[in-house]
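A.B. asks: Following this message is one structure expressed as structure tokens.
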Amino acid sequence: MDELTGWLFELYPHPEAGIVLWLLDDTGERRRLTQRFPVTFYIAGAAKELRAAWRFLRAQPIETWLSRTERRELFSGQNIPLLAVQVTQPRQQAQLFQQVQQRFPDLTYYDADLPLALRHAAAWNTFPLARCQIIRDESGWVQEIITLDTPWELDPALPSLRVLRLEPDCDPAHAEPRAVLVRQENHVYRLAFNPPRPLLINLHAIIKRYDPDLLLTTWGDTWLLPRLLELEAQWAIPLGLNREANVAAATKPEHSYFSYGQIVYRGQQVHLFGRWHIDCDNALLYDDFELEGILEFGRVTRLPIQEAARVSPGTGISAMQIVTALQQGILVPWHKQQPERLKTALEMMQRDQGGLIYQPIVGLHSHVAEVDFISMYPSLMVHFNISPETAGEQVGNPAELEPFASQAAPGLVPQTLRPLLEKRLALKTRLGQMSAWDPRRKANQARASAHKWLLVTCFGYLGYKNARFGRIEAHEAVTAYGREALLRAKEAAEDLGGTVLHLYVDGMWVKHPEWQSPNQFQALLDEIARRTGLSISLDGIYRWVAFLPSRMDSRVPVANRYFGVFEDGTLKVRGIEARRRDTPPWIAQVQMSLLECLAQAPSVEELPAQLPRALALLRYELKRLADGKVPLEGLLVSHRLGKATDAYRVASAAARAARQLQEAGKNLQPGQRVRFLYLRGKPGVHAWDLPQPPDSKTIDLIRYRDLALRAASAVLEPLGIEEGALRNWVLYGFQQMAISAQLNGNTAATIQAVNKAALMAKTQQLR
């Protein structure tokens, strides 16, 4: 027997060796190990059909072991009779399942399409970068794996990974790259694509010498690695992208799908064996939590890192539920089997109400506390034991905040979420105690962000139509409990003398005539926790916060459109142009610059003193635009295509830009973003990724000016400067008077000066 200790790096099926494990051992060696790991799926149905399936499976050349058994079905809670099909080689299981399913479509299948990594995690308690002790026999086969840590460690001991960065020298969608940039620690190499032979030889030498664990690329999935693999095949010069010899890289095609009311596009993927590949541009949440968050996402979901980087949080939650089910002997259905229970119209109105929203009081407010329930919906699921199988019992009373089912029998979803929720709470507590300059802060924030996305998604997945363990009744129960908890929080604030300005699903904005410091609001937090039984936190106290009205009707508030500055000077913005992905970068920067200018005011009373500087900044930026000094990249508009280019009947700006690209031979798929500039005259737009550059003299500066004024008015309107007055002042007042000379620090005088200047200037212009 032989013992090894290190970190489990990766595992995958092998056509002849069961599964392959890669271990980063304590000596720094990268070791390839093999393990026998048969996998099993189950079939349920009528006895006659099962006997026919048995005979069919016996006749297949794939080696299997067939037996009769029983397993627990989640929703009924009963053990059901099954035909167990054990496949010796994991790589062959999918093929065999597809054959039997096509032959017997009326049978019910369980544990049939589960990722190998999740099966292994359930059997051996493994996960990416798990600290392990591995025991091998004399032939080198792994006999036992002992994990020495868990996914829930706050400070996991991680190995030092070798990272090699690859990226083309420009965006391939915009222009043809001429070279690939290779970054290895402090060394940077620029390898030209032409001629290809030196490129392949030099890149192979770098990879062989450094032997990276991770290739971190930009546009690696969608352009760079496919291009390199094409050159490798054409010139018959191996690059050695895989550590696994004689195995080709795996590719997944691009696809578009509908999710949460919009079309989402996923580019093609290139996965390696024995080595990771992560494309920063194609990784779903890389911009939010980078590599540290991806590693944490993989640890808690048990998904392989290359998949964890690219899948949605919903897939991560599903993976966690699958592992919990496998560990408890619960069958995992191939397809969702629980349709929504029939309800009357009255029942639908009572149950399907969603989260509670209390429309904000429009305007400026000072010394406002933002109070949030910590991961409210996941906390409700755990605290009140809300799960698909418990929802069917119709037990629990949201109005009384009673458990949904017996706490002695926790459901599948609460069991899955509890350790993740506890780890997130521990990290949030740590971050609250950690100084801003602590070097550990960035890593902890990235890991907490990964947890946040998983916990946010777990609620929606309860009602998702294709979720294996979804049930709409459980989804409705969570919102019912959430509404009751938020109402109790509101009542607690009002009983203590506060005024509630806004409620939004899991948050509350409240002010109190005598409270301005966190210590003073602690009494409110304690009372809310007592009345609801849920964890509550003070997100911060605003020096001032502005709730904005609808642009269509100034009398109508908008629930999630506001901005404010906390006591420490931190800005928080929601729902305005700077938060939208289709806003040109220059306009977003102008709006944020105005907000940062206003944020210098220590109180609402001192805000008018910042107006001269804010208006001067706006005038300066608009002059830069008029003088052509704003880079074209700052004026780019980015729109997501909701359907195929040919399907657009109305020629919107995005559709026209997409058609320009189509005519140039660049076809965009639904869900992809098209970037373009607004031009004067027809066709009115210029697609950014066309081969020919746009003529800067044809840019529609008036349209960009109007967009900038619209964004600026969202910031200045709470101070009393309406969009029309601001627009007139800009259009007619620049040459007539120096507005800054009339601003004296008084709110009324400031606003009056702006409005008067605009009116006088417009009158003179009209004359």
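All residue names refer to the structure tokens as shown: chains lettered A, B, ... in order, residues numbered from 1 in each chain, ligands numbered from 1 in order.
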Give me the residues within 10 Å of Ala559 of chain A as a PyMOL selection string, counting only C-alpha atoms and dropping any in the same chain fewer than 4 places off.
C.D. replies: chain A and resi 357-362+502-504+547-550+574-575
A.B. asks: Could you write out that same residue set with N, CA and C atoms as a CSV table (one decimal), in the first residue's frame?
C.D. replies:
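The result, stored in part-v6.csv:
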```csv
chain,number,residue,atom,x,y,z
A,357,ILE,N,-43.4,45.0,-1.5
A,357,ILE,CA,-42.8,46.3,-1.9
A,357,ILE,C,-43.6,47.4,-1.5
A,358,TYR,N,-43.0,48.3,-0.7
A,358,TYR,CA,-43.7,49.5,-0.2
A,358,TYR,C,-43.1,50.7,-0.9
A,359,GLN,N,-43.8,51.3,-1.8
A,359,GLN,CA,-43.3,52.4,-2.6
A,359,GLN,C,-42.6,53.5,-1.8
A,360,PRO,N,-41.4,53.9,-2.3
A,360,PRO,CA,-40.7,54.9,-1.5
A,360,PRO,C,-41.3,56.3,-1.5
A,361,ILE,N,-41.0,57.0,-0.5
A,361,ILE,CA,-41.4,58.5,-0.5
A,361,ILE,C,-40.4,59.3,-1.3
A,362,VAL,N,-40.8,59.8,-2.4
A,362,VAL,CA,-39.9,60.5,-3.4
A,362,VAL,C,-39.3,61.7,-2.7
A,502,HIS,N,-39.3,53.2,2.9
A,502,HIS,CA,-39.3,52.3,1.7
A,502,HIS,C,-39.1,50.9,2.2
A,503,LEU,N,-39.8,50.0,1.6
A,503,LEU,CA,-39.7,48.5,1.8
A,503,LEU,C,-39.4,47.9,0.5
A,504,TYR,N,-38.5,47.0,0.4
A,504,TYR,CA,-38.2,46.3,-0.9
A,504,TYR,C,-37.8,44.8,-0.6
A,547,PHE,N,-34.8,59.2,-3.3
A,547,PHE,CA,-35.7,58.2,-4.0
A,547,PHE,C,-36.3,58.9,-5.2
A,548,LEU,N,-36.1,58.4,-6.4
A,548,LEU,CA,-36.5,59.0,-7.7
A,548,LEU,C,-37.8,58.6,-8.2
A,549,PRO,N,-38.6,59.5,-8.8
A,549,PRO,CA,-39.9,59.2,-9.4
A,549,PRO,C,-39.7,58.6,-10.8
A,550,SER,N,-40.8,58.1,-11.4
A,550,SER,CA,-40.8,57.6,-12.7
A,550,SER,C,-40.6,58.8,-13.7
A,574,ARG,N,-28.8,52.7,-7.5
A,574,ARG,CA,-29.6,51.6,-8.1
A,574,ARG,C,-30.6,52.2,-9.1
A,575,GLY,N,-30.7,51.5,-10.2
A,575,GLY,CA,-31.7,51.8,-11.2
A,575,GLY,C,-31.5,53.0,-12.1
```
A.B. asks: Skipping near chain neighbours, those fewer than 5 positions away, what residues fall within 12 Å of Leu709 of chain A using only C-alpha atoms, listed as a VMD selection string?
C.D. replies: chain A and resid 577 587 to 588 590 to 591 594 615 618 to 619 621 to 622 702 to 704 714 to 717 721 to 731
A.B. asks: How many Å separate atom CA of Val163 of chain A from atom CA of Leu23 of chain A?
C.D. replies: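 These atoms are spaced 16.5 Å apart.
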A.B. asks: So which residues touch Ser387 of chain A within 12 Å, counting only C-alpha atoms, skipping near sequence neighbours fewer than 3 positions away, as a ChimeraX atom specification?
C.D. replies: /A:74-75,321,377-378,380-384,390-395,403-407,409-417,458-459,461-463,469-478
A.B. asks: Can I get the selection written as a PDB file, in the first residue's frame, with C-alpha atoms?
C.D. replies:
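File produced: result_15.pdb:
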```pdb
ATOM      1  CA  LEU A  74     -38.408  12.433  -2.259  1.00  0.00           C
ATOM      2  CA  PHE A  75     -41.953  13.681  -2.767  1.00  0.00           C
ATOM      3  CA  GLN A 321     -29.058  19.512  -3.926  1.00  0.00           C
ATOM      4  CA  TYR A 377     -35.252  33.859   1.520  1.00  0.00           C
ATOM      5  CA  PRO A 378     -32.593  31.202   2.178  1.00  0.00           C
ATOM      6  CA  LEU A 380     -36.659  31.469   5.675  1.00  0.00           C
ATOM      7  CA  MET A 381     -36.197  28.105   3.969  1.00  0.00           C
ATOM      8  CA  VAL A 382     -33.771  26.940   6.646  1.00  0.00           C
ATOM      9  CA  HIS A 383     -35.496  28.463   9.685  1.00  0.00           C
ATOM     10  CA  PHE A 384     -39.015  27.366   8.737  1.00  0.00           C
ATOM     11  CA  THR A 390     -42.541  19.626   3.066  1.00  0.00           C
ATOM     12  CA  ALA A 391     -44.603  22.065   0.966  1.00  0.00           C
ATOM     13  CA  GLY A 392     -46.876  19.215   0.012  1.00  0.00           C
ATOM     14  CA  GLU A 393     -47.862  18.765   3.649  1.00  0.00           C
ATOM     15  CA  GLN A 394     -49.494  22.227   3.769  1.00  0.00           C
ATOM     16  CA  VAL A 395     -48.223  22.667   7.332  1.00  0.00           C
ATOM     17  CA  PRO A 403     -42.411  26.178  10.939  1.00  0.00           C
ATOM     18  CA  PHE A 404     -43.683  24.771   7.663  1.00  0.00           C
ATOM     19  CA  ALA A 405     -43.095  21.205   8.813  1.00  0.00           C
ATOM     20  CA  SER A 406     -41.644  19.399  11.787  1.00  0.00           C
ATOM     21  CA  GLN A 407     -38.156  20.637  12.657  1.00  0.00           C
ATOM     22  CA  ALA A 409     -37.318  16.148   9.854  1.00  0.00           C
ATOM     23  CA  PRO A 410     -35.442  18.855   7.923  1.00  0.00           C
ATOM     24  CA  GLY A 411     -36.154  18.932   4.218  1.00  0.00           C
ATOM     25  CA  LEU A 412     -33.698  18.494   1.371  1.00  0.00           C
ATOM     26  CA  VAL A 413     -33.424  22.214   0.575  1.00  0.00           C
ATOM     27  CA  PRO A 414     -32.858  23.368   4.189  1.00  0.00           C
ATOM     28  CA  GLN A 415     -30.207  20.666   4.653  1.00  0.00           C
ATOM     29  CA  THR A 416     -28.455  21.841   1.490  1.00  0.00           C
ATOM     30  CA  LEU A 417     -28.572  25.535   2.356  1.00  0.00           C
ATOM     31  CA  CYS A 458     -31.870  29.168  -4.575  1.00  0.00           C
ATOM     32  CA  PHE A 459     -35.242  30.872  -4.098  1.00  0.00           C
ATOM     33  CA  TYR A 461     -34.929  27.613  -8.366  1.00  0.00           C
ATOM     34  CA  LEU A 462     -37.726  26.407  -6.070  1.00  0.00           C
ATOM     35  CA  GLY A 463     -40.216  27.573  -8.684  1.00  0.00           C
ATOM     36  CA  PHE A 469     -36.444  19.397  -6.822  1.00  0.00           C
ATOM     37  CA  GLY A 470     -38.656  22.380  -7.598  1.00  0.00           C
ATOM     38  CA  ARG A 471     -42.195  22.929  -6.425  1.00  0.00           C
ATOM     39  CA  ILE A 472     -44.169  26.117  -6.947  1.00  0.00           C
ATOM     40  CA  GLU A 473     -45.990  25.710  -3.625  1.00  0.00           C
ATOM     41  CA  ALA A 474     -42.651  25.909  -1.790  1.00  0.00           C
ATOM     42  CA  HIS A 475     -41.761  29.021  -3.807  1.00  0.00           C
ATOM     43  CA  GLU A 476     -45.063  30.641  -2.826  1.00  0.00           C
ATOM     44  CA  ALA A 477     -44.558  29.690   0.827  1.00  0.00           C
ATOM     45  CA  VAL A 478     -41.202  31.483   0.933  1.00  0.00           C
TER      46      VAL A 478
END
```
A.B. asks: Excluding same-chain residues fewer than 6 positions from segment 599-601 of chain A, what lies within 8 Å of it counting only C-alpha atoms, as a ChimeraX atom specification?
C.D. replies: /A:565,569,571,607,609-610
A.B. asks: Env of Arg68 of chain A: 7 Å cut, atoms = only C-alpha atoms, seq-sep filter 4 positions within chain, self excluded. Answer as a list in words.
C.D. replies: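 Listing them by chain and then by number gives Leu82, Leu83 and Ala84 of chain A.
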A.B. asks: Would you mind writing down, as a PyMOL selection string, each residue of segment 118-314 of chain A that DSSP on the backbone assigns to strand (DSSP E)?
C.D. replies: chain A and resi 130-136+142-147+163-168+179-184+187-192+214-217+250-252+255-259+262-266+269-271+276-279
A.B. asks: What is the atom CA of Leu241 of chain A-atom CA of Asn125 of chain A distance in Å, reported with one decimal?
C.D. replies: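 Atom CA of Asn125 of chain A lies 29.2 Å from atom CA of Leu241 of chain A.
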A.B. asks: Quick check, in Å to one decimal: how far apart do atom CA of Glu296 of chain A and atom CA of Val270 of chain A lie?
C.D. replies: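 Spanning atom CA of Glu296 of chain A to atom CA of Val270 of chain A is a straight-line distance of 21.3 Å.
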A.B. asks: How would you write, as number ranges by chain, the set of residues in segment 186-342 of chain A that DSSP gives as alpha helix (DSSP H)?
C.D. replies: A: 196-210, 225-235, 286-301, 305-308, 313-327
A.B. asks: Just want the 12 Å neighbourhood of Pro13 of chain A, counted on only C-alpha atoms, with same-chain residues fewer than 4 positions away dropped. Output as a VMD selection string.
C.D. replies: chain A and resid 17 to 22 33 to 39 88 to 94 115 to 117 119 to 120 244 247 273 to 274
A.B. asks: Create the file for the chosen residues now, containing N, CA, C and O atoms and written as a compact mmCIF listing (two decimals), in the first residue's frame.
C.D. replies:
```txt
# COMPACT_ATOMS: atom_id res chain seq x y z
N ALA A 17 -9.51 3.31 -17.95
CA ALA A 17 -8.98 3.27 -16.58
C ALA A 17 -9.98 3.76 -15.54
O ALA A 17 -9.60 4.34 -14.54
N GLY A 18 -11.28 3.52 -15.76
CA GLY A 18 -12.26 3.98 -14.77
C GLY A 18 -12.30 5.49 -14.75
O GLY A 18 -12.83 6.12 -15.65
N ILE A 19 -11.74 6.09 -13.70
CA ILE A 19 -11.62 7.54 -13.66
C ILE A 19 -10.17 7.91 -13.38
O ILE A 19 -9.42 7.15 -12.76
N VAL A 20 -9.81 9.11 -13.83
CA VAL A 20 -8.48 9.66 -13.60
C VAL A 20 -8.57 10.76 -12.56
O VAL A 20 -9.46 11.62 -12.64
N LEU A 21 -7.68 10.71 -11.57
CA LEU A 21 -7.59 11.76 -10.56
C LEU A 21 -6.24 12.44 -10.70
O LEU A 21 -5.22 11.78 -10.92
N TRP A 22 -6.23 13.77 -10.56
CA TRP A 22 -4.97 14.51 -10.51
C TRP A 22 -4.81 15.08 -9.10
O TRP A 22 -5.72 15.71 -8.57
N LEU A 33 -3.49 9.72 -11.05
CA LEU A 33 -3.90 8.51 -10.37
C LEU A 33 -5.13 7.93 -11.06
O LEU A 33 -5.85 8.65 -11.77
N THR A 34 -5.39 6.65 -10.86
CA THR A 34 -6.57 6.01 -11.44
C THR A 34 -7.37 5.33 -10.34
O THR A 34 -6.82 4.88 -9.33
N GLN A 35 -8.67 5.26 -10.55
CA GLN A 35 -9.57 4.65 -9.57
C GLN A 35 -10.71 3.94 -10.29
O GLN A 35 -11.26 4.46 -11.26
N ARG A 36 -11.06 2.75 -9.82
CA ARG A 36 -12.26 2.07 -10.33
C ARG A 36 -13.48 2.71 -9.68
O ARG A 36 -13.55 2.81 -8.46
N PHE A 37 -14.43 3.13 -10.51
CA PHE A 37 -15.58 3.86 -9.96
C PHE A 37 -16.82 3.56 -10.81
O PHE A 37 -17.22 4.36 -11.66
N PRO A 38 -17.44 2.40 -10.62
CA PRO A 38 -18.67 2.10 -11.35
C PRO A 38 -19.79 3.04 -10.93
O PRO A 38 -19.84 3.49 -9.78
N VAL A 39 -20.70 3.35 -11.85
CA VAL A 39 -21.81 4.26 -11.55
C VAL A 39 -23.13 3.54 -11.82
O VAL A 39 -23.19 2.61 -12.65
N THR A 88 -19.81 -0.47 -15.33
CA THR A 88 -18.44 -0.58 -14.83
C THR A 88 -17.59 0.61 -15.22
O THR A 88 -16.84 1.16 -14.40
N GLN A 89 -17.70 1.03 -16.50
CA GLN A 89 -16.91 2.16 -16.99
C GLN A 89 -17.78 3.42 -17.01
O GLN A 89 -18.75 3.49 -17.79
N PRO A 90 -17.50 4.41 -16.18
CA PRO A 90 -18.35 5.62 -16.13
C PRO A 90 -18.53 6.30 -17.48
O PRO A 90 -19.58 6.88 -17.76
N ARG A 91 -17.52 6.20 -18.33
CA ARG A 91 -17.58 6.87 -19.62
C ARG A 91 -18.70 6.30 -20.50
O ARG A 91 -19.21 6.99 -21.39
N GLN A 92 -19.09 5.05 -20.26
CA GLN A 92 -20.09 4.39 -21.10
C GLN A 92 -21.52 4.55 -20.57
O GLN A 92 -22.47 4.18 -21.25
N GLN A 93 -21.66 5.11 -19.39
CA GLN A 93 -22.98 5.16 -18.77
C GLN A 93 -23.97 6.02 -19.56
O GLN A 93 -25.12 5.64 -19.77
N ALA A 94 -23.53 7.18 -20.03
CA ALA A 94 -24.43 8.08 -20.76
C ALA A 94 -24.93 7.43 -22.04
O ALA A 94 -26.12 7.54 -22.38
N PRO A 115 -23.55 14.49 -13.22
CA PRO A 115 -22.11 14.67 -13.46
C PRO A 115 -21.28 13.73 -12.59
O PRO A 115 -21.60 13.48 -11.43
N LEU A 116 -20.21 13.22 -13.19
CA LEU A 116 -19.36 12.27 -12.48
C LEU A 116 -18.79 12.88 -11.20
O LEU A 116 -18.69 12.20 -10.16
N ALA A 117 -18.44 14.15 -11.23
CA ALA A 117 -17.85 14.79 -10.06
C ALA A 117 -18.82 14.79 -8.88
O ALA A 117 -18.40 14.64 -7.72
N ARG A 119 -21.25 12.51 -8.35
CA ARG A 119 -21.32 11.13 -7.87
C ARG A 119 -20.12 10.84 -6.95
O ARG A 119 -20.26 10.23 -5.89
N HIS A 120 -18.95 11.28 -7.38
CA HIS A 120 -17.74 11.04 -6.60
C HIS A 120 -17.79 11.82 -5.29
O HIS A 120 -17.38 11.32 -4.23
N GLU A 244 -3.17 15.36 -19.79
CA GLU A 244 -3.51 13.98 -20.14
C GLU A 244 -3.05 13.70 -21.56
O GLU A 244 -3.52 14.31 -22.52
N VAL A 247 -5.20 12.71 -25.41
CA VAL A 247 -6.61 13.04 -25.23
C VAL A 247 -6.83 14.45 -25.78
O VAL A 247 -6.09 15.37 -25.45
N PHE A 273 -7.95 18.58 -19.98
CA PHE A 273 -7.86 17.43 -19.08
C PHE A 273 -6.51 17.44 -18.38
O PHE A 273 -5.46 17.50 -19.02
N GLY A 274 -6.57 17.40 -17.05
CA GLY A 274 -5.35 17.47 -16.26
C GLY A 274 -4.87 18.88 -16.05
O GLY A 274 -3.90 19.12 -15.32
```
A.B. asks: For Glu138 of chain A, please output as a PDB file with N, CA, C and O atoms, in the first residue's frame all residues within 12 Å (counting only C-alpha atoms; exclusion window: fewer than 5 positions along the same chain).
C.D. replies:
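That gives us result-v7.pdb:
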```
ATOM      1  N   MET A   1       0.834  -1.200   0.000  1.00  0.00           N
ATOM      2  CA  MET A   1       0.000   0.000   0.000  1.00  0.00           C
ATOM      3  C   MET A   1       0.876   1.259   0.000  1.00  0.00           C
ATOM      4  O   MET A   1       1.949   1.267   0.589  1.00  0.00           O
ATOM      5  N   ASP A   2       0.376   2.289  -0.656  1.00  0.00           N
ATOM      6  CA  ASP A   2       1.112   3.539  -0.800  1.00  0.00           C
ATOM      7  C   ASP A   2       0.190   4.678  -0.382  1.00  0.00           C
ATOM      8  O   ASP A   2      -0.986   4.695  -0.739  1.00  0.00           O
ATOM      9  N   GLU A   3       0.712   5.646   0.383  1.00  0.00           N
ATOM     10  CA  GLU A   3      -0.091   6.777   0.851  1.00  0.00           C
ATOM     11  C   GLU A   3       0.449   8.077   0.270  1.00  0.00           C
ATOM     12  O   GLU A   3       1.661   8.304   0.239  1.00  0.00           O
ATOM     13  N   GLN A 143      -7.493   3.028  -3.622  1.00  0.00           N
ATOM     14  CA  GLN A 143      -8.399   2.188  -2.845  1.00  0.00           C
ATOM     15  C   GLN A 143      -9.234   2.993  -1.861  1.00  0.00           C
ATOM     16  O   GLN A 143     -10.357   2.608  -1.544  1.00  0.00           O
TER      17      GLN A 143
END
```
A.B. asks: Using only C-alpha atoms, which of the listed residues (A:Ala480, A:Ala250, A:Leu228, A:Leu454) sits closest to Gly314 of chain A?
C.D. replies: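 Of the candidates, the smallest distance to Gly314 of chain A is held by A:Leu454.
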A.B. asks: Taking only residues of segment 666-698 of chain A that have an atom at most 8 Å from an atom of segment 626-640 of chain A, what is each one's shortest atom pair and its distance in Å to one decimal, using only C-alpha atoms, in chain and number order, as CSV?
C.D. replies:
```
residue,atom,partner,partner_atom,distance
A:Pro670,CA,A:Arg640,CA,7.8
A:Gly671,CA,A:Arg640,CA,5.7
A:Gln672,CA,A:Arg640,CA,5.6
A:Arg673,CA,A:Arg640,CA,4.2
A:Val674,CA,A:His639,CA,5.5
A:Arg675,CA,A:Ser638,CA,4.5
A:Phe676,CA,A:Val637,CA,5.4
A:Leu677,CA,A:Leu636,CA,5.4
A:Trp688,CA,A:Leu636,CA,7.7
A:Ser696,CA,A:Leu632,CA,7.8
```
